[in-house]
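S.K.: The following file, upload-v2.cif, comprises mmCIF, C-alpha atoms:
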```cif
data_work
#
loop_
_atom_site.group_PDB
_atom_site.id
_atom_site.type_symbol
_atom_site.label_atom_id
_atom_site.label_comp_id
_atom_site.auth_asym_id
_atom_site.auth_seq_id
_atom_site.Cartn_x
_atom_site.Cartn_y
_atom_site.Cartn_z
ATOM 1 C CA MET G 139 0.000 0.000 0.000
ATOM 2 C CA THR G 140 1.496 3.345 -1.058
ATOM 3 C CA SER G 141 1.770 6.314 1.300
ATOM 4 C CA ASP G 142 -0.838 8.160 -0.775
ATOM 5 C CA THR G 143 -3.290 5.272 -0.412
ATOM 6 C CA ARG G 144 -2.649 5.088 3.336
ATOM 7 C CA GLU G 145 -3.215 8.835 3.650
ATOM 8 C CA ARG G 146 -6.470 8.625 1.712
ATOM 9 C CA ALA G 147 -7.674 5.697 3.825
ATOM 10 C CA GLY G 148 -6.841 7.609 7.017
ATOM 11 C CA ILE G 149 -8.771 10.700 5.887
ATOM 12 C CA ILE G 150 -11.799 8.606 4.929
ATOM 13 C CA ARG G 151 -11.770 6.835 8.312
ATOM 14 C CA ILE G 152 -11.734 10.195 10.105
ATOM 15 C CA LEU G 153 -14.573 11.504 7.940
ATOM 16 C CA ARG G 154 -16.678 8.427 8.703
ATOM 17 C CA LEU G 155 -16.001 8.787 12.435
ATOM 18 C CA PHE G 156 -17.189 12.400 12.378
ATOM 19 C CA ALA G 157 -20.202 11.434 10.240
ATOM 20 C CA TYR G 158 -21.263 8.717 12.685
ATOM 21 C CA THR G 159 -21.171 11.336 15.470
ATOM 22 C CA ALA G 160 -22.277 14.595 13.858
ATOM 23 C CA LEU G 161 -25.139 13.463 11.620
ATOM 24 C CA PRO G 162 -27.122 11.655 14.361
ATOM 25 C CA ALA G 163 -26.597 14.696 16.621
ATOM 26 C CA GLU G 164 -27.967 16.905 13.838
ATOM 27 C CA VAL G 165 -31.071 14.729 13.554
ATOM 28 C CA VAL G 166 -31.636 14.812 17.334
ATOM 29 C CA LEU G 167 -31.314 18.597 17.413
ATOM 30 C CA ALA G 168 -33.726 18.965 14.489
ATOM 31 C CA VAL G 169 -36.315 16.823 16.275
ATOM 32 C CA CYS G 170 -35.861 18.820 19.497
ATOM 33 C CA LEU G 171 -36.282 22.131 17.660
ATOM 34 C CA VAL G 172 -39.438 20.933 15.904
ATOM 35 C CA ALA G 173 -40.800 19.742 19.264
ATOM 36 C CA GLY G 174 -40.172 23.157 20.795
ATOM 37 C CA VAL G 175 -37.279 22.173 23.089
ATOM 38 C CA ARG G 176 -34.993 25.097 23.894
ATOM 39 C CA ILE G 177 -31.419 24.382 22.764
ATOM 40 C CA PRO G 178 -28.496 26.572 23.980
ATOM 41 C CA GLY G 179 -27.124 28.744 21.201
ATOM 42 C CA ALA G 180 -23.581 27.490 21.730
ATOM 43 C CA VAL G 181 -24.670 23.879 21.182
ATOM 44 C CA LEU G 182 -26.457 24.809 17.965
ATOM 45 C CA ALA G 183 -23.475 26.816 16.711
ATOM 46 C CA VAL G 184 -20.949 24.054 17.403
ATOM 47 C CA THR G 185 -23.146 21.389 15.799
ATOM 48 C CA GLU G 186 -23.725 23.462 12.682
ATOM 49 C CA VAL G 187 -20.025 24.288 12.323
ATOM 50 C CA VAL G 188 -19.064 20.619 12.653
ATOM 51 C CA THR G 189 -21.720 19.558 10.139
ATOM 52 C CA VAL G 190 -20.798 22.214 7.576
ATOM 53 C CA THR G 191 -17.098 21.391 7.984
ATOM 54 C CA LEU G 192 -17.805 17.679 7.552
ATOM 55 C CA LEU G 193 -19.812 18.254 4.370
ATOM 56 C CA THR G 194 -17.177 20.637 2.977
ATOM 57 C CA VAL G 195 -14.265 18.274 3.623
ATOM 58 C CA THR G 196 -16.259 15.345 2.224
ATOM 59 C CA GLY G 197 -16.969 17.334 -0.934
ATOM 60 C CA LEU G 198 -13.281 18.214 -1.318
ATOM 61 C CA VAL G 199 -12.218 14.595 -0.866
ATOM 62 C CA TYR G 200 -14.847 13.536 -3.426
ATOM 63 C CA LEU G 201 -13.486 16.029 -5.978
ATOM 64 C CA ARG G 202 -9.960 14.827 -5.272
ATOM 65 C CA LEU G 203 -10.980 11.224 -5.903
ATOM 66 C CA ARG G 204 -12.689 12.218 -9.148
ATOM 67 C CA ARG G 205 -9.564 14.064 -10.332
ATOM 68 C CA ARG G 206 -7.563 10.884 -9.735
ATOM 69 C CA GLY G 207 -9.686 9.028 -12.264
ATOM 70 C CA LEU G 208 -12.337 7.362 -10.114
ATOM 71 C CA SER G 209 -15.870 7.247 -11.488
ATOM 72 C CA THR G 210 -18.755 8.805 -9.567
ATOM 73 C CA ARG G 211 -19.810 5.377 -8.280
ATOM 74 C CA GLU G 212 -16.268 4.483 -7.210
ATOM 75 C CA ALA G 213 -15.747 7.823 -5.450
ATOM 76 C CA VAL G 214 -19.012 7.524 -3.524
ATOM 77 C CA ALA G 215 -18.136 3.928 -2.598
ATOM 78 C CA GLU G 216 -14.850 5.158 -1.137
ATOM 79 C CA LEU G 217 -16.613 7.714 1.068
ATOM 80 C CA VAL G 218 -19.761 5.845 2.101
ATOM 81 C CA PRO G 219 -19.691 2.396 3.788
ATOM 82 C CA GLU G 220 -20.929 -0.428 1.571
ATOM 83 C CA ALA G 221 -23.686 -1.377 4.026
ATOM 84 C CA VAL G 222 -25.130 2.148 3.905
ATOM 85 C CA LEU G 223 -24.993 2.216 0.106
ATOM 86 C CA ARG G 224 -26.748 -1.156 -0.094
ATOM 87 C CA LEU G 225 -29.549 -0.057 2.243
ATOM 88 C CA LEU G 226 -30.041 3.184 0.329
ATOM 89 C CA GLY G 227 -29.987 1.285 -2.959
ATOM 90 C CA HIS G 228 -32.601 -1.130 -1.657
ATOM 91 C CA GLU G 229 -34.943 1.687 -0.613
ATOM 92 C CA LEU G 230 -34.440 3.410 -3.968
ATOM 93 C CA ARG G 231 -35.258 0.206 -5.873
ATOM 94 C CA LEU G 232 -38.457 -0.191 -3.853
ATOM 95 C CA MET G 233 -39.637 3.323 -4.668
ATOM 96 C CA THR G 234 -38.624 2.925 -8.319
ATOM 97 C CA SER G 235 -40.572 -0.336 -8.467
ATOM 98 C CA LEU G 236 -43.740 1.536 -7.508
ATOM 99 C CA VAL G 237 -43.304 3.737 -10.579
ATOM 100 C CA ARG G 238 -42.563 0.726 -12.799
ATOM 101 C CA TRP G 239 -45.611 -1.076 -11.402
ATOM 102 C CA VAL G 240 -47.925 1.797 -12.259
ATOM 103 C CA ALA G 241 -46.308 2.244 -15.683
ATOM 104 C CA ARG G 242 -46.346 -1.546 -16.337
ATOM 105 C CA ARG G 243 -42.648 -1.579 -17.178
ATOM 106 C CA PRO G 244 -40.939 -4.704 -15.776
ATOM 107 C CA HIS G 245 -37.241 -4.495 -14.984
ATOM 108 C CA GLY G 246 -34.598 -6.451 -16.889
ATOM 109 C CA VAL G 247 -36.856 -8.287 -19.340
ATOM 110 C CA GLY G 248 -35.596 -6.721 -22.571
ATOM 111 C CA GLY G 249 -34.349 -9.400 -24.978
ATOM 112 C CA ALA G 250 -35.232 -12.202 -22.559
ATOM 113 C CA ASP G 251 -35.867 -15.737 -23.809
ATOM 114 C CA GLY G 252 -38.284 -16.383 -20.957
ATOM 115 C CA VAL G 253 -40.003 -14.303 -18.269
ATOM 116 C CA PHE G 254 -41.469 -16.045 -15.215
ATOM 117 C CA PRO G 255 -43.571 -13.938 -12.808
ATOM 118 C CA HIS G 256 -43.695 -15.062 -9.190
ATOM 119 C CA ALA G 257 -45.732 -12.482 -7.225
ATOM 120 C CA ARG G 258 -49.305 -13.682 -7.783
ATOM 121 C CA ASP G 259 -49.590 -15.887 -4.674
ATOM 122 C CA GLN G 260 -48.495 -13.133 -2.296
ATOM 123 C CA ALA G 261 -50.772 -10.390 -3.668
ATOM 124 C CA ALA G 262 -53.683 -10.930 -1.258
ATOM 125 C CA LEU G 263 -51.356 -11.015 1.761
ATOM 126 C CA MET G 264 -49.491 -7.853 0.752
ATOM 127 C CA TYR G 265 -52.685 -5.941 -0.048
ATOM 128 C CA GLY G 266 -54.125 -6.983 3.307
ATOM 129 C CA PHE G 267 -50.969 -5.899 5.120
ATOM 130 C CA ALA G 268 -51.002 -2.544 3.318
ATOM 131 C CA PHE G 269 -54.686 -2.057 4.252
ATOM 132 C CA VAL G 270 -53.917 -2.739 7.926
ATOM 133 C CA CYS G 271 -51.085 -0.197 7.812
ATOM 134 C CA LEU G 272 -53.428 2.333 6.205
ATOM 135 C CA VAL G 273 -56.062 1.810 8.921
ATOM 136 C CA GLU G 274 -53.347 2.234 11.559
ATOM 137 C CA THR G 275 -52.268 5.490 9.890
ATOM 138 C CA VAL G 276 -55.794 6.897 10.046
ATOM 139 C CA GLY G 277 -56.237 5.777 13.652
ATOM 140 C CA MET G 278 -52.964 7.303 14.832
ATOM 141 C CA SER G 279 -53.761 10.555 13.028
ATOM 142 C CA TYR G 280 -57.019 10.778 14.972
ATOM 143 C CA LEU G 281 -55.439 9.880 18.330
ATOM 144 C CA LEU G 282 -52.521 12.324 17.946
ATOM 145 C CA ALA G 283 -54.517 15.249 16.581
ATOM 146 C CA ASP G 284 -53.852 17.279 19.769
ATOM 147 C CA TRP G 285 -50.064 16.855 19.487
ATOM 148 C CA PRO G 286 -49.150 18.398 16.114
ATOM 149 C CA VAL G 287 -45.421 17.638 16.219
ATOM 150 C CA VAL G 288 -45.831 14.011 17.234
ATOM 151 C CA HIS G 289 -48.708 13.699 14.750
ATOM 152 C CA ALA G 290 -46.507 14.952 11.894
ATOM 153 C CA VAL G 291 -43.620 12.616 12.732
ATOM 154 C CA VAL G 292 -45.852 9.542 13.124
ATOM 155 C CA LEU G 293 -47.770 10.419 9.951
ATOM 156 C CA VAL G 294 -44.559 10.517 7.905
ATOM 157 C CA LEU G 295 -43.467 7.159 9.332
ATOM 158 C CA ASP G 296 -46.876 5.593 8.739
ATOM 159 C CA VAL G 297 -47.130 6.813 5.161
ATOM 160 C CA TYR G 298 -43.636 5.537 4.436
ATOM 161 C CA THR G 299 -44.590 2.162 5.934
ATOM 162 C CA VAL G 300 -47.529 1.873 3.546
ATOM 163 C CA LEU G 301 -45.286 2.799 0.604
ATOM 164 C CA PHE G 302 -42.663 0.313 1.814
ATOM 165 C CA VAL G 303 -45.170 -2.562 1.890
ATOM 166 C CA LEU G 304 -46.553 -1.674 -1.527
ATOM 167 C CA GLY G 305 -42.979 -1.260 -2.800
ATOM 168 C CA LEU G 306 -42.103 -4.801 -1.690
ATOM 169 C CA HIS G 307 -44.973 -6.188 -3.728
ATOM 170 C CA ALA G 308 -44.283 -3.858 -6.658
ATOM 171 C CA ALA G 309 -40.652 -5.022 -6.702
ATOM 172 C CA SER G 310 -41.798 -8.653 -6.866
ATOM 173 C CA VAL G 311 -44.218 -7.868 -9.684
ATOM 174 C CA THR G 312 -41.739 -5.845 -11.770
ATOM 175 C CA ARG G 313 -38.703 -8.100 -11.161
ATOM 176 C CA PRO G 314 -39.672 -11.585 -12.395
ATOM 177 C CA HIS G 315 -37.279 -14.472 -12.929
ATOM 178 C CA VAL G 316 -35.659 -14.073 -16.351
ATOM 179 C CA LEU G 317 -33.949 -16.514 -18.704
ATOM 180 C CA THR G 318 -31.584 -14.777 -21.107
ATOM 181 C CA GLY G 319 -29.142 -16.700 -23.251
ATOM 182 C CA ASP G 320 -27.215 -19.072 -20.980
ATOM 183 C CA VAL G 321 -28.052 -17.306 -17.687
ATOM 184 C CA LEU G 322 -31.065 -17.683 -15.406
ATOM 185 C CA ARG G 323 -31.638 -14.570 -13.306
ATOM 186 C CA LEU G 324 -33.466 -15.416 -10.065
ATOM 187 C CA ARG G 325 -34.950 -12.526 -8.100
ATOM 188 C CA GLN G 326 -37.012 -11.769 -5.039
ATOM 189 C CA ALA G 327 -38.430 -8.291 -4.392
ATOM 190 C CA ALA G 328 -35.599 -5.719 -4.511
ATOM 191 C CA HIS G 329 -33.010 -7.478 -2.346
ATOM 192 C CA VAL G 330 -32.163 -10.720 -4.198
ATOM 193 C CA ASP G 331 -30.815 -10.852 -7.742
ATOM 194 C CA VAL G 332 -28.761 -13.970 -8.449
ATOM 195 C CA PRO G 333 -27.481 -14.869 -11.953
ATOM 196 C CA VAL G 334 -27.144 -18.629 -12.395
ATOM 197 C CA PRO G 335 -25.236 -19.893 -15.477
ATOM 198 C CA LEU G 336 -27.158 -22.724 -17.121
ATOM 199 C CA GLY G 337 -23.940 -24.701 -17.360
ATOM 200 C CA LEU G 338 -23.855 -25.010 -13.555
ATOM 201 C CA ILE G 339 -27.365 -26.454 -13.260
ATOM 202 C CA ALA G 340 -27.199 -30.172 -12.435
ATOM 203 C CA SER G 341 -30.930 -30.786 -12.114
ATOM 204 C CA VAL G 342 -34.282 -29.023 -12.105
ATOM 205 C CA ARG G 343 -37.435 -30.428 -10.585
ATOM 206 C CA ARG G 344 -40.892 -29.237 -9.683
ATOM 207 C CA GLU G 345 -41.271 -29.569 -5.939
ATOM 208 C CA SER G 346 -43.895 -27.788 -3.835
ATOM 209 C CA LEU G 347 -42.563 -27.046 -0.350
ATOM 210 C CA PHE G 348 -44.190 -24.967 2.368
ATOM 211 C CA SER G 349 -41.526 -25.185 5.071
ATOM 212 C CA HIS G 350 -37.870 -24.315 4.647
ATOM 213 C CA GLU G 351 -35.200 -24.789 7.278
ATOM 214 C CA LYS G 352 -32.233 -22.452 7.115
ATOM 215 C CA THR G 353 -29.380 -24.615 5.864
ATOM 216 C CA GLU G 354 -25.893 -23.615 4.833
ATOM 217 C CA GLY G 355 -25.484 -23.688 1.063
ATOM 218 C CA GLU G 356 -29.198 -23.404 0.312
ATOM 219 C CA LEU G 357 -31.224 -20.386 -0.837
ATOM 220 C CA ASN G 358 -35.001 -20.396 -0.466
ATOM 221 C CA LEU G 359 -36.817 -17.654 -2.385
ATOM 222 C CA ALA G 360 -40.263 -18.414 -1.026
ATOM 223 C CA VAL G 361 -43.410 -16.523 -1.997
ATOM 224 C CA GLY G 362 -46.235 -16.906 0.483
ATOM 225 C CA SER G 363 -44.010 -19.411 2.361
ATOM 226 C CA GLN G 364 -43.982 -21.619 -0.761
ATOM 227 C CA THR G 365 -41.405 -22.702 -3.313
ATOM 228 C CA SER G 366 -42.323 -24.746 -6.366
ATOM 229 C CA VAL G 367 -39.079 -25.362 -8.291
ATOM 230 C CA THR G 368 -35.812 -26.754 -6.898
ATOM 231 C CA ILE G 369 -32.546 -26.125 -8.762
ATOM 232 C CA GLU G 370 -29.382 -28.053 -7.856
ATOM 233 C CA LEU G 371 -25.994 -26.766 -9.030
ATOM 234 C CA THR G 372 -22.727 -28.516 -9.770
ATOM 235 C CA GLU G 373 -20.799 -25.816 -7.921
ATOM 236 C CA PRO G 374 -21.778 -22.871 -5.681
ATOM 237 C CA VAL G 375 -22.842 -19.447 -6.912
ATOM 238 C CA ASP G 376 -22.729 -16.367 -4.733
ATOM 239 C CA ALA G 377 -26.055 -14.970 -3.504
ATOM 240 C CA PRO G 378 -24.966 -11.921 -1.462
ATOM 241 C CA ARG G 379 -26.993 -10.989 1.609
ATOM 242 C CA LEU G 380 -28.713 -7.605 1.898
ATOM 243 C CA LEU G 381 -25.649 -5.902 3.408
ATOM 244 C CA GLY G 382 -23.201 -7.553 1.008
ATOM 245 C CA ALA G 383 -21.968 -10.571 2.976
ATOM 246 C CA PRO G 384 -21.139 -13.461 0.602
ATOM 247 C CA ARG G 385 -23.422 -16.516 0.626
ATOM 248 C CA PRO G 386 -22.351 -19.458 -1.588
ATOM 249 C CA VAL G 387 -25.278 -21.728 -2.444
ATOM 250 C CA ARG G 388 -25.606 -24.986 -4.367
ATOM 251 C CA ILE G 389 -29.357 -25.521 -3.977
ATOM 252 C CA VAL G 390 -31.860 -22.810 -4.898
ATOM 253 C CA ARG G 391 -35.575 -23.164 -4.306
ATOM 254 C CA VAL G 392 -37.801 -20.613 -6.011
ATOM 255 C CA HIS G 393 -41.456 -20.012 -6.701
ATOM 256 C CA ALA G 394 -43.106 -19.167 -9.998
ATOM 257 C CA ASP G 395 -46.701 -18.472 -10.925
ATOM 258 C CA ASP G 396 -46.279 -21.196 -13.559
ATOM 259 C CA PRO G 397 -43.631 -23.609 -12.192
ATOM 260 C CA LYS G 398 -44.101 -26.029 -15.101
ATOM 261 C CA ALA G 399 -43.189 -23.315 -17.613
ATOM 262 C CA LEU G 400 -40.044 -22.430 -15.648
ATOM 263 C CA ALA G 401 -38.935 -26.045 -15.231
ATOM 264 C CA ASP G 402 -39.637 -26.900 -18.886
ATOM 265 C CA ALA G 403 -37.813 -23.799 -20.139
ATOM 266 C CA LEU G 404 -34.728 -24.662 -18.087
ATOM 267 C CA THR G 405 -34.799 -28.256 -19.258
ATOM 268 C CA ARG G 406 -35.021 -27.200 -22.922
ATOM 269 C CA ALA G 407 -32.283 -24.586 -22.517
ATOM 270 C CA ARG G 408 -29.921 -27.054 -20.824
ATOM 271 C CA THR G 409 -30.467 -29.826 -23.378
ATOM 272 C CA ALA G 410 -30.553 -27.678 -26.506
ATOM 273 C CA PRO G 411 -28.074 -29.048 -29.097
ATOM 274 C CA SER G 412 -25.067 -27.000 -30.007
ATOM 275 C CA PRO G 413 -25.340 -25.257 -33.364
ATOM 276 C CA THR G 414 -23.971 -27.386 -36.224
ATOM 277 C CA PRO G 415 -21.013 -25.730 -37.887
ATOM 278 C CA GLY G 416 -21.496 -24.886 -41.528
ATOM 279 C CA PRO G 417 -19.341 -26.192 -44.371
ATOM 280 C CA PRO G 418 -15.791 -24.859 -44.539
ATOM 281 C CA PRO G 419 -15.339 -21.882 -46.834
ATOM 282 C CA ARG G 420 -13.992 -22.595 -50.286
ATOM 283 C CA ALA G 421 -10.422 -21.735 -50.946
#
```
Hey, can you dump this file as structure tokens for me?
M.R.:
Amino acid sequence: MTSDTRERAGIIRILRLFAYTALPAEVVLAVCLVAGVRIPGAVLAVTEVVTVTLLTVTGLVYLRLRRRGLSTREAVAELVPEAVLRLLGHELRLMTSLVRWVARRPHGVGGADGVFPHARDQAALMYGFAFVCLVETVGMSYLLADWPVVHAVVLVLDVYTVLFVLGLHAASVTRPHVLTGDVLRLRQAAHVDVPVPLGLIASVRRESLFSHEKTEGELNLAVGSQTSVTIELTEPVDAPRLLGAPRPVRIVRVHADDPKALADALTRARTAPSPTPGPPPRA
């Protein structure tokens, strides 16, 4: 590791330490101010100075990374922990899925050889859950009407909860399993997206299961607690967890609205003959 790399790593560690301290303090102060709590002027001044300094230094480090040839994504990844980026990306995909759901524009299906939806059997459950959250939102709004600040905070949280639940279902609807070329892309909501090369598939079978024990090396993408197709691999593929931790798996159980179509498509794709070479060109 060069001295320049060590210096950059040290600066980024310091920035993250200040961020973990200053940003939560800023949120707490904002909540106290909205609630009418009197905050000493010195505390406000120090917090604002630290926050502005942190943002300024972070911006300067970002520009420095960009000048050294890093892309925008790479520079942001240097400054922001991977776990935070993954959580933010997950929330963004959920909200984007709501737009795609309304616009009827599935994600990642362009040029696909096969598209296999898998959200039908969870629709009633998700709609019911969203309705319960909506009723709770109305009830809390009525109960907290005499406390405007608390009412506003709870209302924002409740509305976001409803959008979150609908976003989970929208992500499942707009992100079906996809077969493209020699890769099967298995997905679940906005947090699982695993490409499986067809060459690694040892066997495919239709198998309806309603209980799944957590076992090392197995991935269960259940919908409504059910999987309907079991895929065994000749060697593990990585199915990263939500925060990025690696998870090698050799057995994948998934659900599809039409499991027969998925199993048959995989069987045909795996057993398709190689193209016959044409006659050699004439001299």
S.K.: Quick one: distance from atom CA of Tyr200 of chain G to atom CA of Val214 of chain G in Å, one decimal?
M.R.: 7.3 Å
S.K.: Can you list, as an MDAnalysis selection string, the residues that the PyMOL selection byres ((chain G and resi 343-359) around 12) selects here?
M.R.: chainID G and resid 256:257 310 315 324:327 329:332 339:342 360:371 373:379 384:394 396:405
S.K.: Under the PyMOL selection byres ((chain G and resi 318-323) around 9), which residues of this model are included? Write them out as a list in words.
M.R.: Val247, Gly249, Ala250, Asp251, Gly252, Val253, Pro314, His315, Val316, Leu317, Leu324, Arg325, Asp331, Val332, Pro333, Val334, Pro335, Leu336, Gly337, Leu404, Ala407 and Arg408 of chain G
S.K.: Would you mind exporting the chosen residues as a PDB file, keeping the file's coordinate frame, restricted to C-alpha atoms?
M.R.:
```pdb
ATOM      1  CA  VAL G 247     -36.856  -8.287 -19.340  1.00  0.00           C
ATOM      2  CA  GLY G 249     -34.349  -9.400 -24.978  1.00  0.00           C
ATOM      3  CA  ALA G 250     -35.232 -12.202 -22.559  1.00  0.00           C
ATOM      4  CA  ASP G 251     -35.867 -15.737 -23.809  1.00  0.00           C
ATOM      5  CA  GLY G 252     -38.284 -16.383 -20.957  1.00  0.00           C
ATOM      6  CA  VAL G 253     -40.003 -14.303 -18.269  1.00  0.00           C
ATOM      7  CA  PRO G 314     -39.672 -11.585 -12.395  1.00  0.00           C
ATOM      8  CA  HIS G 315     -37.279 -14.472 -12.929  1.00  0.00           C
ATOM      9  CA  VAL G 316     -35.659 -14.073 -16.351  1.00  0.00           C
ATOM     10  CA  LEU G 317     -33.949 -16.514 -18.704  1.00  0.00           C
ATOM     11  CA  LEU G 324     -33.466 -15.416 -10.065  1.00  0.00           C
ATOM     12  CA  ARG G 325     -34.950 -12.526  -8.100  1.00  0.00           C
ATOM     13  CA  ASP G 331     -30.815 -10.852  -7.742  1.00  0.00           C
ATOM     14  CA  VAL G 332     -28.761 -13.970  -8.449  1.00  0.00           C
ATOM     15  CA  PRO G 333     -27.481 -14.869 -11.953  1.00  0.00           C
ATOM     16  CA  VAL G 334     -27.144 -18.629 -12.395  1.00  0.00           C
ATOM     17  CA  PRO G 335     -25.236 -19.893 -15.477  1.00  0.00           C
ATOM     18  CA  LEU G 336     -27.158 -22.724 -17.121  1.00  0.00           C
ATOM     19  CA  GLY G 337     -23.940 -24.701 -17.360  1.00  0.00           C
ATOM     20  CA  LEU G 404     -34.728 -24.662 -18.087  1.00  0.00           C
ATOM     21  CA  ALA G 407     -32.283 -24.586 -22.517  1.00  0.00           C
ATOM     22  CA  ARG G 408     -29.921 -27.054 -20.824  1.00  0.00           C
TER      23      ARG G 408
END
```
S.K.: Nearest to Leu272 of chain G: which of G:Glu186, G:Val300, G:Gly179, G:Val237 is it, counting all atoms listed in the file?
M.R.: G:Val300
S.K.: Quick one: residues within 12 Å of (-43.1, -4.9, -6.2) (file frame), counting all atoms listed in the file, please, as JSON, numbers by chain.
M.R.: {"G": [229, 231, 232, 233, 234, 235, 236, 237, 238, 239, 240, 242, 243, 244, 245, 255, 256, 257, 258, 260, 261, 264, 265, 301, 302, 303, 304, 305, 306, 307, 308, 309, 310, 311, 312, 313, 314, 325, 326, 327, 328, 329]}
S.K.: Write a file of the selected residues as a tab-separated table (two decimals), in the coordinates of the input, keeping C-alpha atoms.
M.R.:
```tsv
chain	number	residue	atom	x	y	z
G	229	GLU	CA	-34.94	1.69	-0.61
G	231	ARG	CA	-35.26	0.21	-5.87
G	232	LEU	CA	-38.46	-0.19	-3.85
G	233	MET	CA	-39.64	3.32	-4.67
G	234	THR	CA	-38.62	2.92	-8.32
G	235	SER	CA	-40.57	-0.34	-8.47
G	236	LEU	CA	-43.74	1.54	-7.51
G	237	VAL	CA	-43.30	3.74	-10.58
G	238	ARG	CA	-42.56	0.73	-12.80
G	239	TRP	CA	-45.61	-1.08	-11.40
G	240	VAL	CA	-47.92	1.80	-12.26
G	242	ARG	CA	-46.35	-1.55	-16.34
G	243	ARG	CA	-42.65	-1.58	-17.18
G	244	PRO	CA	-40.94	-4.70	-15.78
G	245	HIS	CA	-37.24	-4.50	-14.98
G	255	PRO	CA	-43.57	-13.94	-12.81
G	256	HIS	CA	-43.70	-15.06	-9.19
G	257	ALA	CA	-45.73	-12.48	-7.22
G	258	ARG	CA	-49.30	-13.68	-7.78
G	260	GLN	CA	-48.50	-13.13	-2.30
G	261	ALA	CA	-50.77	-10.39	-3.67
G	264	MET	CA	-49.49	-7.85	0.75
G	265	TYR	CA	-52.68	-5.94	-0.05
G	301	LEU	CA	-45.29	2.80	0.60
G	302	PHE	CA	-42.66	0.31	1.81
G	303	VAL	CA	-45.17	-2.56	1.89
G	304	LEU	CA	-46.55	-1.67	-1.53
G	305	GLY	CA	-42.98	-1.26	-2.80
G	306	LEU	CA	-42.10	-4.80	-1.69
G	307	HIS	CA	-44.97	-6.19	-3.73
G	308	ALA	CA	-44.28	-3.86	-6.66
G	309	ALA	CA	-40.65	-5.02	-6.70
G	310	SER	CA	-41.80	-8.65	-6.87
G	311	VAL	CA	-44.22	-7.87	-9.68
G	312	THR	CA	-41.74	-5.84	-11.77
G	313	ARG	CA	-38.70	-8.10	-11.16
G	314	PRO	CA	-39.67	-11.58	-12.40
G	325	ARG	CA	-34.95	-12.53	-8.10
G	326	GLN	CA	-37.01	-11.77	-5.04
G	327	ALA	CA	-38.43	-8.29	-4.39
G	328	ALA	CA	-35.60	-5.72	-4.51
G	329	HIS	CA	-33.01	-7.48	-2.35
```
S.K.: Quick one: residues within 9 Å of segment 281-283 of chain G, all atoms listed in the file counted, chain neighbours fewer than 6 positions away excluded, as a list in words?
M.R.: His289, Ala290 and Val292 of chain G
S.K.: One decimal, in Å: what's the spacing between atom CA of Thr196 of chain G and atom CA of Leu217 of chain G?
M.R.: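 Computed distance, atom CA of Thr196 of chain G to atom CA of Leu217 of chain G, equals 7.7 Å.
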S.K.: Could you state the separation of atom CA of Arg206 of chain G and atom CA of Arg151 of chain G in Å, given to one decimal place?
M.R.: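 Spanning atom CA of Arg206 of chain G to atom CA of Arg151 of chain G is a straight-line distance of 19.0 Å.
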S.K.: Let me make sure I understand: among G:Leu380, G:Val184, G:Leu226, G:Val199, which one has the smallest atom-to-atom distance to Gly148 of chain G if we use only C-alpha atoms?
M.R.: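 Smallest separation from Gly148 of chain G among the options: G:Val199.
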S.K.: Counting only C-alpha atoms, which of G:Leu381, G:Val287, G:Ala183, G:Leu263 gets nearest to Gly227 of chain G?
M.R.: G:Leu381
